[in-house]
Protein chains: 2
Amino acid sequence: MNTEEHIKATAKDIFFFKGNLHATTQEIADAAAVNRSLINYYFRSRDHLFEVVYNEAVETMRNQLDNVIYSKVPFMDKLESLIDVYMKEILKYPYKESFLITEICCKNILLKEKKKSQSLIAFAEEVKQEMEKGTIKKTDPIHFIINLFSLMAYPIIMAPLYRKLFDLNKEKYQELLSERKALVFKLITE
Amino acid sequence: MNTEEHIKATAKDIFFFKGNLHATTQEIADAAAVNRSLINYYFRSRDHLFEVVYNEAVETMRNQLDNVIYSKVPFMDKLESLIDVYMKEILKYPYKESFLITEICCKNILLKEKKKSQSLIAFAEEVKQEMEKGTIKKTDPIHFIINLFSLMAYPIIMAPLYRKLFDLNKEKYQELLSERKALVFKLITE
DNA sequence: ACATTTGTTGACAAAATTGTTAAACATTAA
DNA sequence: TTAATGTTTAACAATTTTGTCAACAAATGT
């Protein structure tokens, strides 16, 4: 087993799943069951580890979206697939987007200067064409996409808050979330 | 001017507006232009300051929602008012919910054990009645509310990310957001 | 005016966190 | 086997961050 990858995977688990967005190197090392010095050996510094994890997260996200968006299937199938892939990922790593946001903001420098997503813009164009065809209701395609991602991500990201607000246990809330793939699809298309 | 309140207000600005969710006491003191010891004088410890800020944020949120939800106005007016109040607040403090979520998770202990929101549950009941009246489309009232908050909050919380993805400058994105009050109302009611 | 309480400050100590280094250990290739 | 290279470890040093304290200043009450 590759130590470098193992440390990275553990860091992702702590950041993206457990939600400890500012874990110390010791916490990461302990969780990975390795000596803390290995983090410096493989990643030079704590900051650099964060940067690597950040960049890989963005890359993974983009790849997943690209795969769906550039697939040659009818629009409605693509939409369904997008919802499936994206919600699966955000369920696996509910804190990923929060991590990205806080990293973007605090360490305002991000090296691999992430430019606009070609695929998302292509998708917006495809949405626009569907609207003109009349398959889905006419609005601003960018709003359509923002609505879509809002409905998918927010309930998962904010799960701990809404579970408290509505006094729902983990199972009940999980059940609620599982209903949402179909619900989001329906709401967004009609 | 009250030093204690001033420190709290500055901390909120750093956490909720600037997005520095793990600011040090020195950073907070500098931003407030006070001696760092004053933070210990008024709040005992860094942890306790975080706790106070957390509890006040939850309290404020609940009060604002209560005010709207328990107001005696027709449902549609109430909904419009809710959108207005909530989006104004989240625009003022875009990182507030992220702060709450990370605090809920990391320091798994939260003292003022926040119980279920009576007002939100009352609102769900009201939504249900409107659905039976036929004013709005029938779904699970809880999903209705989750959808509503998703559409309001997520685009603001994730603004830095989506600005990059769609290559929009601050002004363009601000314009997009300003369109959303009406858009959310429309999408949710029809 | 004086005493008492309240607020503020800088200096210090303690704790936590990070980064470095040299030595030990393992693996591979000559 | 030996040399060379790559990996792991513990100990150490440096830095950052927090909390405490005694002294000082300002405000308040008697």
# chains A, B, ... in the order shown; residues from 1 in each chain; ligands from 1

$ interface_residues --of "chain C" --to "chain A" --cutoff "12 Å" --atoms "only C-alpha atoms (C1' of nucleotides)" --output "PyMOL selection string"
chain C and resi 16-21

$ interface_residues --of "chain D" --to "chain A" --cutoff "9 Å" --atoms "only C-alpha atoms (C1' of nucleotides)" --output "list in words"
DT7, DT8 and DT9 of chain D

$ write_last_selection --atoms "N, CA and C atoms (P, O5', C5', C4', C3', O3' and C1' of nucleotides)" --output "PDB file, in the first residue's frame"
ATOM      1  P    DT D   7      10.250   6.081  -1.415  1.00  0.00           P
ATOM      2  O5'  DT D   7      10.216   5.683   0.128  1.00  0.00           O
ATOM      3  C5'  DT D   7      10.033   4.317   0.478  1.00  0.00           C
ATOM      4  C4'  DT D   7      10.127   4.158   1.983  1.00  0.00           C
ATOM      5  C3'  DT D   7       9.139   5.005   2.795  1.00  0.00           C
ATOM      6  O3'  DT D   7       8.303   4.106   3.492  1.00  0.00           O
ATOM      7  C1'  DT D   7      11.316   5.038   3.750  1.00  0.00           C
ATOM      8  P    DT D   8       7.067   4.635   4.377  1.00  0.00           P
ATOM      9  O5'  DT D   8       7.715   4.719   5.827  1.00  0.00           O
ATOM     10  C5'  DT D   8       8.211   3.544   6.444  1.00  0.00           C
ATOM     11  C4'  DT D   8       8.893   3.889   7.750  1.00  0.00           C
ATOM     12  C3'  DT D   8       8.068   4.744   8.730  1.00  0.00           C
ATOM     13  O3'  DT D   8       7.757   3.951   9.857  1.00  0.00           O
ATOM     14  C1'  DT D   8      10.351   5.453   8.622  1.00  0.00           C
ATOM     15  P    DT D   9       6.822   4.549  11.009  1.00  0.00           P
ATOM     16  O5'  DT D   9       7.883   5.088  12.056  1.00  0.00           O
ATOM     17  C5'  DT D   9       8.913   4.215  12.537  1.00  0.00           C
ATOM     18  C4'  DT D   9       9.911   4.992  13.377  1.00  0.00           C
ATOM     19  C3'  DT D   9       9.288   5.947  14.373  1.00  0.00           C
ATOM     20  O3'  DT D   9       9.360   5.385  15.676  1.00  0.00           O
ATOM     21  C1'  DT D   9      11.203   6.899  13.255  1.00  0.00           C
TER      22       DT D   9
END

$ closest_atom_pairs --of "chain B" --to "chain A" --cutoff "9 Å" --atoms "only C-alpha atoms" --output "CSV"
residue,atom,partner,partner_atom,distance
B:Lys18,CA,A:Cys105,CA,7.7
B:Gly19,CA,A:Cys105,CA,6.5
B:Asn20,CA,A:Cys106,CA,6.0
B:Leu21,CA,A:Thr102,CA,7.6
B:His22,CA,A:His22,CA,7.7
B:Tyr95,CA,A:Thr102,CA,8.8
B:Glu97,CA,A:Met158,CA,7.9
B:Ser98,CA,A:Ser98,CA,6.7
B:Leu100,CA,A:Leu161,CA,8.0
B:Ile101,CA,A:Met158,CA,6.8
B:Thr102,CA,A:Gly19,CA,6.4
B:Ile104,CA,A:Pro160,CA,7.4
B:Cys105,CA,A:Gly19,CA,6.5
B:Cys106,CA,A:Asn20,CA,6.0
B:Lys114,CA,A:Lys164,CA,7.1
B:Lys115,CA,A:Lys164,CA,6.3
B:Lys116,CA,A:Leu165,CA,4.5
B:Ser117,CA,A:Leu165,CA,5.0
B:Gln118,CA,A:Leu165,CA,8.3
B:Leu120,CA,A:Leu165,CA,7.3
B:Ile121,CA,A:Phe166,CA,6.8
B:Ile142,CA,A:Phe166,CA,8.4
B:His143,CA,A:Leu176,CA,8.0
B:Ile146,CA,A:Pro155,CA,6.6
B:Asn147,CA,A:Leu151,CA,6.1
B:Leu148,CA,A:Leu151,CA,8.8
B:Phe149,CA,A:Tyr154,CA,8.3
B:Ser150,CA,A:Tyr154,CA,5.3
B:Leu151,CA,A:Ser150,CA,5.6
B:Met152,CA,A:Ser150,CA,8.4
B:Ala153,CA,A:Tyr154,CA,7.9
B:Tyr154,CA,A:Ser150,CA,5.3
B:Pro155,CA,A:Ile146,CA,6.6
B:Ile157,CA,A:Ile101,CA,8.3
B:Met158,CA,A:Ile101,CA,6.8
B:Ala159,CA,A:Ile101,CA,8.6
B:Pro160,CA,A:Ile101,CA,6.9
B:Leu161,CA,A:Ile101,CA,6.8
B:Tyr162,CA,A:Ile146,CA,8.3
B:Arg163,CA,A:Lys116,CA,8.4
B:Lys164,CA,A:Lys116,CA,5.5
B:Leu165,CA,A:Lys116,CA,4.5
B:Phe166,CA,A:Lys116,CA,5.4
B:Asp167,CA,A:Lys116,CA,5.0
B:Leu168,CA,A:Lys116,CA,8.8
B:Leu176,CA,A:His143,CA,8.0
B:Arg180,CA,A:His143,CA,8.3
B:Leu183,CA,A:His143,CA,8.7
B:Val184,CA,A:Asn147,CA,8.9
B:Leu187,CA,A:Leu187,CA,8.7
B:Ile188,CA,A:Leu187,CA,9.0

$ select_by_dssp --residues "chain A" --states "alpha helix (DSSP H)" --output "PyMOL selection string"
chain A and resi 3-12+25-32+37-43+46-69+75-92+96-106+118-133+141-157+159-165+170-178+180-189

$ atom_distance --atom1 "CA of Phe123 in chain B" --atom2 "CA of Asn67 in chain B"
11.7 Å

$ atom_distance --atom1 "CA of Tyr54 in chain A" --atom2 "CA of Thr10 in chain A"
13.6 Å

$ closest_residue --among "D:DC21, D:DC12, D:DA4, D:DG29" --to "DT9 in chain C" --atoms "only C-alpha atoms (C1' of nucleotides)"
D:DC21
